[in-house]
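Structure data (compact mmCIF, C-alpha atoms) from start_18.txt:
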```
# COMPACT_ATOMS: atom_id res chain seq x y z
CA MET A 1 10.07 9.09 -26.52
CA ASN A 2 8.26 12.36 -26.92
CA PRO A 3 5.39 12.51 -24.37
CA GLU A 4 3.34 14.57 -26.81
CA GLN A 5 3.24 11.68 -29.25
CA LEU A 6 2.12 9.04 -26.76
CA LEU A 7 -1.33 7.76 -25.82
CA TYR A 8 -2.53 7.69 -22.20
CA ALA A 9 -4.90 5.71 -20.00
CA GLU A 10 -7.03 7.37 -17.33
CA THR A 11 -5.06 5.28 -14.84
CA HIS A 12 -1.80 7.12 -15.74
CA GLU A 13 -0.06 4.60 -17.99
CA TRP A 14 1.41 5.76 -21.30
CA VAL A 15 1.48 3.77 -24.55
CA HIS A 16 3.73 4.05 -27.58
CA LEU A 17 2.44 2.14 -30.61
CA GLU A 18 4.49 0.93 -33.54
CA ASP A 19 4.06 -1.56 -36.36
CA LYS A 20 6.63 -4.33 -36.47
CA GLY A 21 6.33 -6.90 -39.25
CA GLY A 22 2.62 -6.31 -39.54
CA GLN A 23 2.05 -6.61 -35.81
CA LYS A 24 1.08 -3.75 -33.53
CA ILE A 25 3.52 -3.51 -30.60
CA ALA A 26 2.68 -1.31 -27.61
CA THR A 27 5.43 -0.09 -25.29
CA VAL A 28 3.93 0.73 -21.87
CA GLY A 29 5.14 2.82 -18.95
CA ILE A 30 3.77 5.04 -16.20
CA THR A 31 3.58 8.79 -16.52
CA ALA A 32 5.80 11.37 -14.83
CA HIS A 33 2.70 12.61 -13.01
CA ALA A 34 2.05 9.16 -11.52
CA VAL A 35 5.69 8.72 -10.51
CA GLU A 36 5.65 12.11 -8.81
CA GLN A 37 2.55 11.17 -6.82
CA LEU A 38 3.99 7.83 -5.74
CA THR A 39 7.33 9.21 -4.44
CA ASP A 40 10.14 7.07 -3.00
CA LEU A 41 9.54 3.89 -4.96
CA VAL A 42 11.01 0.77 -3.40
CA TYR A 43 9.73 -2.25 -5.35
CA MET A 44 8.21 -3.09 -8.69
CA GLU A 45 6.87 -6.41 -9.87
CA LEU A 46 6.69 -7.03 -13.61
CA PRO A 47 4.61 -9.53 -15.62
CA GLN A 48 6.18 -12.61 -17.20
CA PRO A 49 7.01 -12.46 -20.91
CA GLY A 50 4.48 -14.62 -22.73
CA SER A 51 1.67 -13.80 -20.30
CA SER A 52 -1.56 -12.18 -21.43
CA VAL A 53 -2.70 -8.76 -20.31
CA SER A 54 -6.11 -7.15 -20.69
CA SER A 55 -7.03 -3.52 -20.90
CA GLY A 56 -8.06 -2.26 -17.46
CA THR A 57 -6.77 -5.27 -15.50
CA SER A 58 -3.70 -5.51 -13.28
CA PHE A 59 -0.37 -6.54 -14.86
CA GLY A 60 2.05 -5.70 -12.07
CA GLU A 61 2.52 -3.90 -8.78
CA VAL A 62 4.57 -1.05 -7.48
CA GLU A 63 5.41 -0.14 -3.90
CA SER A 64 6.43 3.24 -2.57
CA VAL A 65 7.35 3.81 1.06
CA LYS A 66 3.73 4.40 1.90
CA ALA A 67 1.56 2.67 -0.67
CA THR A 68 1.30 -0.46 -2.77
CA SER A 69 -0.60 -0.02 -6.03
CA ASN A 70 -1.57 -2.28 -8.86
CA LEU A 71 -0.47 -1.31 -12.35
CA TYR A 72 -3.30 -1.52 -14.89
CA SER A 73 -2.70 -2.44 -18.49
CA PRO A 74 -3.83 0.14 -21.04
CA VAL A 75 -3.83 -2.49 -23.82
CA THR A 76 -4.91 -6.08 -24.47
CA GLY A 77 -2.46 -8.61 -25.84
CA GLU A 78 0.58 -10.78 -25.15
CA VAL A 79 3.61 -9.53 -23.23
CA VAL A 80 6.59 -9.98 -25.56
CA GLU A 81 9.27 -8.22 -23.50
CA VAL A 82 9.68 -6.68 -20.04
CA ASN A 83 12.24 -4.17 -18.81
CA SER A 84 13.87 -6.54 -16.35
CA ASP A 85 16.53 -3.96 -15.37
CA LEU A 86 13.90 -1.56 -14.11
CA PRO A 87 13.06 -3.06 -10.67
CA ASP A 88 16.72 -2.68 -9.67
CA ASN A 89 16.94 0.84 -11.10
CA LEU A 90 13.69 2.47 -10.05
CA GLU A 91 15.28 5.92 -10.06
CA ARG A 92 14.90 5.77 -13.85
CA LEU A 93 11.17 6.27 -13.34
CA ASN A 94 11.98 9.73 -12.02
CA SER A 95 14.78 10.60 -14.42
CA ASP A 96 13.48 9.11 -17.67
CA PRO A 97 9.83 7.96 -17.33
CA TYR A 98 9.17 8.00 -21.09
CA GLY A 99 12.45 6.36 -22.10
CA SER A 100 14.63 3.90 -20.19
CA ALA A 101 11.84 3.38 -17.60
CA TRP A 102 9.50 1.65 -20.05
CA ILE A 103 7.87 -1.34 -18.32
CA MET A 104 6.68 -3.85 -20.92
CA ARG A 105 6.11 -4.40 -24.63
CA VAL A 106 2.82 -6.00 -25.67
CA ARG A 107 1.73 -7.51 -28.98
CA VAL A 108 -1.72 -5.98 -29.26
CA THR A 109 -4.47 -8.49 -30.01
CA ASP A 110 -7.52 -6.28 -29.50
CA GLU A 111 -7.24 -2.92 -31.17
CA ASP A 112 -10.72 -1.85 -30.03
CA ALA A 113 -9.37 -1.22 -26.52
CA LEU A 114 -6.99 1.41 -27.94
CA ALA A 115 -9.94 3.68 -28.70
CA LYS A 116 -10.30 4.39 -24.96
CA LEU A 117 -6.82 5.94 -24.74
CA MET A 118 -6.31 9.70 -24.67
CA ASN A 119 -3.87 11.88 -26.55
CA HIS A 120 -1.40 14.09 -24.68
CA THR A 121 -3.67 17.14 -24.68
CA ALA A 122 -6.59 15.23 -23.16
CA TYR A 123 -4.35 13.61 -20.55
CA ALA A 124 -2.79 16.95 -19.62
CA LYS A 125 -6.31 18.28 -19.11
CA GLN A 126 -7.17 15.29 -16.87
CA ILE A 127 -4.22 15.76 -14.55
CA ALA A 128 -4.77 19.51 -14.43
CA GLY A 129 -8.04 18.55 -12.76
CA MET B 1 -6.68 -9.46 7.11
CA ALA B 2 -9.54 -11.18 5.28
CA VAL B 3 -12.07 -8.78 6.82
CA ASP B 4 -9.98 -5.82 5.67
CA GLN B 5 -9.82 -7.23 2.16
CA MET B 6 -13.60 -7.64 2.18
CA LEU B 7 -13.96 -4.01 3.32
CA LEU B 8 -11.70 -2.96 0.44
CA ASP B 9 -13.98 -4.85 -1.98
CA GLN B 10 -17.00 -3.21 -0.43
CA ALA B 11 -15.55 0.29 -0.69
CA GLY B 12 -14.51 -0.35 -4.29
CA ALA B 13 -18.00 -1.43 -5.26
CA SER B 14 -19.76 1.67 -3.96
CA PRO B 15 -18.21 5.05 -4.87
CA ASP B 16 -20.40 6.85 -2.35
CA ALA B 17 -19.60 4.56 0.59
CA LEU B 18 -18.50 6.18 3.83
CA PRO B 19 -15.05 5.31 5.19
CA THR B 20 -14.86 2.26 7.46
CA LEU B 21 -12.52 2.27 10.43
CA ARG B 22 -11.76 -1.02 12.15
CA PHE B 23 -9.59 -1.85 15.16
CA TYR B 24 -8.40 -5.28 16.19
CA ARG B 25 -5.86 -7.24 18.21
CA TRP B 26 -4.43 -10.67 17.43
CA LYS B 27 -4.78 -14.00 19.19
CA PRO B 28 -2.45 -15.84 19.15
CA ALA B 29 0.39 -13.36 18.62
CA THR B 30 1.24 -13.38 14.92
CA LEU B 31 3.94 -12.11 12.58
CA SER B 32 2.67 -10.27 9.50
CA LEU B 33 4.97 -9.79 6.53
CA GLY B 34 4.82 -6.73 4.30
CA TYR B 35 3.44 -7.58 0.89
CA PHE B 36 6.83 -7.61 -0.85
CA GLN B 37 8.83 -9.34 1.88
CA THR B 38 9.96 -12.92 1.33
CA LEU B 39 8.84 -15.66 3.69
CA GLU B 40 12.51 -16.60 4.03
CA SER B 41 13.34 -13.14 5.39
CA ARG B 42 11.66 -14.08 8.67
CA ASN B 43 14.64 -16.34 9.36
CA SER B 44 16.63 -13.17 10.08
CA HIS B 45 14.50 -12.51 13.17
CA LEU B 46 14.88 -15.30 15.71
CA ALA B 47 12.68 -13.84 18.47
CA SER B 48 9.54 -14.17 16.31
CA SER B 49 10.46 -17.50 14.72
CA GLY B 50 7.86 -19.44 16.72
CA LEU B 51 4.92 -17.27 15.65
CA ASP B 52 2.34 -18.03 12.99
CA VAL B 53 2.84 -15.89 9.93
CA VAL B 54 0.52 -14.11 7.51
CA ARG B 55 1.28 -11.96 4.47
CA ARG B 56 -0.39 -8.56 4.37
CA THR B 57 -1.68 -6.95 1.22
CA THR B 58 -0.07 -3.67 2.30
CA GLY B 59 3.66 -3.08 2.00
CA GLY B 60 6.39 -2.13 4.44
CA GLY B 61 8.23 -4.19 7.03
CA ALA B 62 7.13 -7.10 9.23
CA ILE B 63 5.04 -6.50 12.36
CA VAL B 64 4.85 -8.62 15.50
CA HIS B 65 1.19 -8.36 16.46
CA ASP B 66 1.33 -9.04 20.18
CA ARG B 67 1.16 -6.04 22.52
CA GLU B 68 -0.06 -4.02 19.60
CA LEU B 69 -3.27 -2.49 18.22
CA THR B 70 -4.00 -2.79 14.50
CA TYR B 71 -6.36 -0.55 12.58
CA SER B 72 -7.68 -0.53 9.04
CA LEU B 73 -9.30 2.33 7.19
CA THR B 74 -11.07 1.67 3.89
CA LEU B 75 -12.72 4.09 1.51
CA PRO B 76 -13.64 4.46 -2.18
CA LEU B 77 -11.08 6.11 -4.42
CA ALA B 78 -11.46 8.25 -7.52
CA ASP B 79 -7.76 8.40 -8.45
CA ARG B 80 -5.49 5.93 -6.73
CA TRP B 81 -2.36 8.02 -7.31
CA ALA B 82 -3.67 11.34 -6.09
CA ALA B 83 -1.22 12.88 -3.65
CA ALA B 84 -4.07 13.81 -1.30
CA HIS B 85 -4.29 10.21 -0.08
CA ARG B 86 -1.07 10.77 1.80
CA LEU B 87 -2.99 13.15 4.03
CA LEU B 88 -4.84 10.12 5.42
CA TYR B 89 -1.65 9.01 7.20
CA ASP B 90 -1.36 12.38 8.85
CA LEU B 91 -5.05 12.47 9.69
CA VAL B 92 -4.97 9.17 11.59
CA HIS B 93 -1.53 9.67 13.09
CA GLN B 94 -2.44 13.12 14.39
CA ALA B 95 -5.62 11.69 15.96
CA ILE B 96 -3.52 9.04 17.75
CA ILE B 97 -1.01 11.66 18.90
CA ALA B 98 -3.86 13.83 20.23
CA VAL B 99 -5.25 10.94 22.28
CA LEU B 100 -1.82 10.12 23.70
CA ASP B 101 -1.42 13.78 24.61
CA GLN B 102 -4.52 13.51 26.83
CA TYR B 103 -2.53 11.00 28.89
CA GLY B 104 0.48 13.30 29.09
CA ILE B 105 2.37 11.32 26.46
CA VAL B 106 4.13 13.67 24.08
CA ALA B 107 4.53 11.80 20.80
CA GLY B 108 5.09 13.44 17.42
CA GLN B 109 5.45 12.68 13.73
CA TYR B 110 8.82 11.67 12.34
CA VAL B 111 10.52 14.27 10.17
CA ARG B 112 13.41 13.29 7.95
CA GLY B 113 16.61 14.03 9.80
CA SER B 114 20.15 12.78 10.07
CA ASP B 115 18.96 9.27 10.88
CA TRP B 116 16.91 9.03 7.66
CA ARG B 117 17.87 6.22 5.31
CA ASP B 118 17.02 5.84 1.66
CA PRO B 119 13.88 3.63 1.65
CA ALA B 120 15.10 1.76 -1.43
CA SER B 121 18.03 0.42 0.59
CA ASP B 122 16.37 0.41 4.03
CA ARG B 123 15.92 -3.31 4.45
CA ASP B 124 15.30 -3.62 8.20
CA PHE B 125 13.03 -6.64 8.59
CA LEU B 126 10.76 -5.05 11.20
CA CYS B 127 8.48 -2.15 10.32
CA PHE B 128 9.15 -0.46 13.64
CA LEU B 129 12.88 -0.25 12.91
CA ARG B 130 12.22 1.61 9.66
CA ARG B 131 11.46 5.34 9.49
CA THR B 132 9.28 7.15 7.02
CA GLN B 133 8.01 10.68 7.06
CA GLY B 134 4.96 11.03 9.32
CA ASP B 135 5.48 7.91 11.46
CA ILE B 136 4.51 8.29 15.12
CA VAL B 137 7.60 8.58 17.29
CA LEU B 138 7.99 8.76 21.04
CA LYS B 139 11.35 9.52 22.67
CA GLY B 140 13.05 8.63 19.38
CA TYR B 141 11.30 5.27 19.01
CA LYS B 142 8.68 4.54 16.38
CA VAL B 143 5.41 3.52 18.06
CA GLY B 144 2.98 3.91 15.15
CA GLY B 145 3.05 3.54 11.39
CA SER B 146 0.72 3.00 8.45
CA ALA B 147 0.80 1.77 4.86
CA GLN B 148 -1.73 1.77 2.04
CA ARG B 149 -2.92 -0.62 -0.64
CA ARG B 150 -4.64 1.13 -3.50
CA SER B 151 -6.80 -0.81 -5.93
CA ALA B 152 -8.36 0.78 -8.99
CA THR B 153 -11.38 1.98 -7.03
CA ALA B 154 -10.61 1.81 -3.31
CA LEU B 155 -7.97 2.33 -0.67
CA LEU B 156 -7.02 0.27 2.38
CA GLN B 157 -4.81 1.87 5.01
CA HIS B 158 -3.35 -0.51 7.57
CA GLY B 159 -1.76 0.86 10.69
CA SER B 160 -0.14 -0.44 13.83
CA ILE B 161 0.23 1.10 17.29
CA LEU B 162 2.89 -0.46 19.47
CA LEU B 163 1.38 -0.60 22.96
CA GLY B 164 4.18 -2.44 24.73
CA LYS B 165 7.35 -4.44 24.25
CA SER B 166 6.73 -8.01 23.11
CA GLY B 167 8.88 -10.97 24.01
CA TYR B 168 8.76 -11.79 20.30
CA ALA B 169 10.37 -8.45 19.39
CA PRO B 170 12.23 -7.35 22.53
CA GLU B 171 14.21 -4.71 20.64
CA LEU B 172 11.06 -2.60 20.22
CA PRO B 173 9.76 -0.64 23.22
CA GLY B 174 6.09 0.33 23.09
CA ILE B 175 4.12 3.25 24.47
CA CYS B 176 3.81 1.83 27.99
CA ASP B 177 7.59 1.22 28.17
CA LEU B 178 8.33 4.81 27.21
CA SER B 179 5.83 6.63 29.41
CA ILE B 180 4.65 6.62 33.00
CA ARG B 181 0.96 6.48 32.08
CA SER B 182 -0.60 4.91 29.04
CA PRO B 183 -4.17 4.35 27.87
CA ASP B 184 -5.64 0.86 27.68
CA ASP B 185 -6.64 -0.14 24.17
CA LYS B 186 -10.37 0.54 24.71
CA SER B 187 -9.67 4.12 25.78
CA LEU B 188 -7.27 4.54 22.89
CA ILE B 189 -9.83 3.27 20.37
CA SER B 190 -12.69 5.41 21.66
CA GLY B 191 -10.38 8.44 21.80
CA ILE B 192 -9.21 7.94 18.19
CA ILE B 193 -12.81 7.53 16.97
CA LYS B 194 -13.78 10.73 18.76
CA GLU B 195 -10.84 12.67 17.35
CA LEU B 196 -11.37 11.42 13.78
CA SER B 197 -15.14 12.00 13.91
CA ALA B 198 -14.53 15.60 14.97
CA LYS B 199 -11.88 16.16 12.27
CA LEU B 200 -14.08 14.66 9.54
CA ASP B 201 -17.31 16.07 10.95
CA VAL B 202 -19.06 12.68 10.83
CA GLU B 203 -21.19 10.72 13.27
CA PRO B 204 -19.74 7.21 13.65
CA GLU B 205 -22.07 4.24 13.16
CA ILE B 206 -21.54 0.59 14.04
CA PRO B 207 -23.07 -1.41 11.19
CA ASP B 208 -24.44 -4.96 11.42
CA GLN B 209 -22.47 -7.63 9.60
CA THR B 210 -24.23 -8.89 6.47
CA ASP B 211 -24.22 -12.37 4.94
CA TRP B 212 -22.30 -11.00 1.95
CA GLU B 213 -19.60 -9.68 4.30
CA CYS B 214 -19.27 -13.04 6.10
CA LYS B 215 -19.13 -14.98 2.85
CA THR B 216 -16.65 -12.64 1.17
CA THR B 217 -14.42 -12.66 4.25
CA ARG B 218 -14.45 -16.46 4.30
CA ASN B 219 -13.54 -16.58 0.62
CA TRP B 220 -10.54 -14.28 1.18
CA GLN B 221 -9.49 -16.35 4.17
CA LEU B 222 -9.51 -19.53 2.10
CA SER B 223 -7.96 -18.13 -1.06
CA ARG B 224 -5.43 -15.80 0.45
CA PHE B 225 -4.71 -15.10 4.10
CA GLY B 226 -5.16 -18.65 5.37
CA ASN B 227 -3.51 -20.11 2.30
CA ASP B 228 0.13 -21.27 2.34
CA GLY B 229 0.44 -20.42 -1.35
CA TRP B 230 -0.25 -16.75 -0.62
CA THR B 231 2.02 -16.67 2.45
CA GLY B 232 4.88 -18.27 0.54
CA LYS B 233 4.35 -16.44 -2.74
CA ARG B 234 7.74 -14.73 -2.31
```

Mind turning the file's structure into structure tokens?
Amino acid sequence: MNPEQLLYAETHEWVHLEDKGGQKIATVGITAHAVEQLTDLVYMELPQPGSSVSSGTSFGEVESVKATSNLYSPVTGEVVEVNSDLPDNLERLNSDPYGSAWIMRVRVTDEDALAKLMNHTAYAKQIAG
Amino acid sequence: MAVDQMLLDQAGASPDALPTLRFYRWKPATLSLGYFQTLESRNSHLASSGLDVVRRTTGGGAIVHDRELTYSLTLPLADRWAAAHRLLYDLVHQAIIAVLDQYGIVAGQYVRGSDWRDPASDRDFLCFLRRTQGDIVLKGYKVGGSAQRRSATALLQHGSILLGKSGYAPELPGICDLSIRSPDDKSLISGIIKELSAKLDVEPEIPDQTDWECKTTRNWQLSRFGNDGWTGKR
């Protein structure tokens, strides 16, 4: 996926939106910037397909050698798919954060929450400080 | 553990809160598992099999809390993934090293060398058998390490200082086994507070415990750290 065409949460998750059969599906991952800050990832815990996630609340956890952090959902909806290969292949987060390292796909049920997301330019400005 | 979780809540609720540093020892001796370790993994370590067990909220390997000093540092957080938070490990570890130096104990921070192992495949059960950049090492043995839990708005750093060899983890020598002189834990604590206060240019205060703190701690104890469901969640 092209990072310039994604949406971003302040908490460093990216979102790719697409319409599938009249439903809005969000693919979610964490940004290259976040991965770089975490360094040396060792574990990741994903949500269960079928579970609900809410914008701004925790949907999973990631551990690097020095820190355990919650992952916060940038969207509200139902988890329809998770990237179950990812926890065993965490190096993909470094090599392909916007592609094969996607984390979950969510059927969006509350589109209002999407308004809080930033475009690439705004996110780039945020991480530039 | 429940007190530390309460302190994390407290830091997360007040963006201007000052950092809180807490030291404690354990009675009875207890095994704490890193957040992602399975309860079953303790079966691989026979010497600690008789100890009570608790699951930490911070990651890393298991710790035998016996002849050991635990600390927690909590503070509000603007961006939980900012690289600057890694400096907190160095800040505390360097304060500990400086205090040890006053007793003629020359410890240092671990730097990746030939004995470094990829953390993704480094599955030693015990924290003190693992090595990560910045750990406190003495004569080649790890005697101090820390790990963080970052919530959306606050950070908890847990750390452990291995004072002496425990019968529940006899493969791990502590500071007093590796040096002729060693500080008692009270001297170590006051020395670390003094070092950190000077580095941060702050005057330490000892606050009174509030009703909210007692109640919140109790709630965490019941729902998490004293709860078999939490301990056995993996």

Near chain B, which residues of chain A fall within 6 Å when you count all atoms listed in the file, and what do they look like as a PyMOL selection string?
chain A and resi 37+42+66-69

Got a sec to check which residues sit within 7 Å of (-13.1, -1.0, 0.3), counting only C-alpha atoms, and write them as a ChimeraX atom specification?
/B:6-12,74-76,154-156

Using only C-alpha atoms: which of A:Gly60, A:Pro3, A:Gly77, A:Gly129 has the shortest distance to Ala32 of chain A
A:Pro3

Could you state the separation of atom CA of Ser51 of chain A and atom CA of Gln5 of chain B in Å, given to one decimal place?
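Value for the atom CA of Ser51 of chain A-atom CA of Gln5 of chain B distance: 26.1 Å.
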
What's around segment 6-22 of chain A at 12 Å? Count only C-alpha atoms, leave out sequence neighbours fewer than 6 positions away in its own chain, and write the answer as a count of residues only.
59

Quick one: pull the distance between atom CA of Ile105 of chain B and atom CA of Lys199 of chain B, Å, one decimal.
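The value is 20.7 Å.
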
Please, what distance in Å, to one decimal, runs between atom CA of Asn83 of chain A and atom CA of Ser52 of chain A?
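Atom-to-atom, atom CA of Asn83 of chain A to atom CA of Ser52 of chain A, that is 16.2 Å.
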
Box for segment 85-96 of chain A - axis-aligned, 3 Å on each of the six sides, all listed atoms - centre and size in Å to one decimal, as AutoDock Vina command-line options.
```
--center_x 14.1 --center_y 3.3 --center_z -13.7 --size_x 11.8 --size_y 20.6 --size_z 14.0
```

Pick the closest to Gln221 of chain B from B:Met1, B:Gln37, B:Leu31, B:Arg234: which is it, counting all atoms listed in the file?
B:Met1
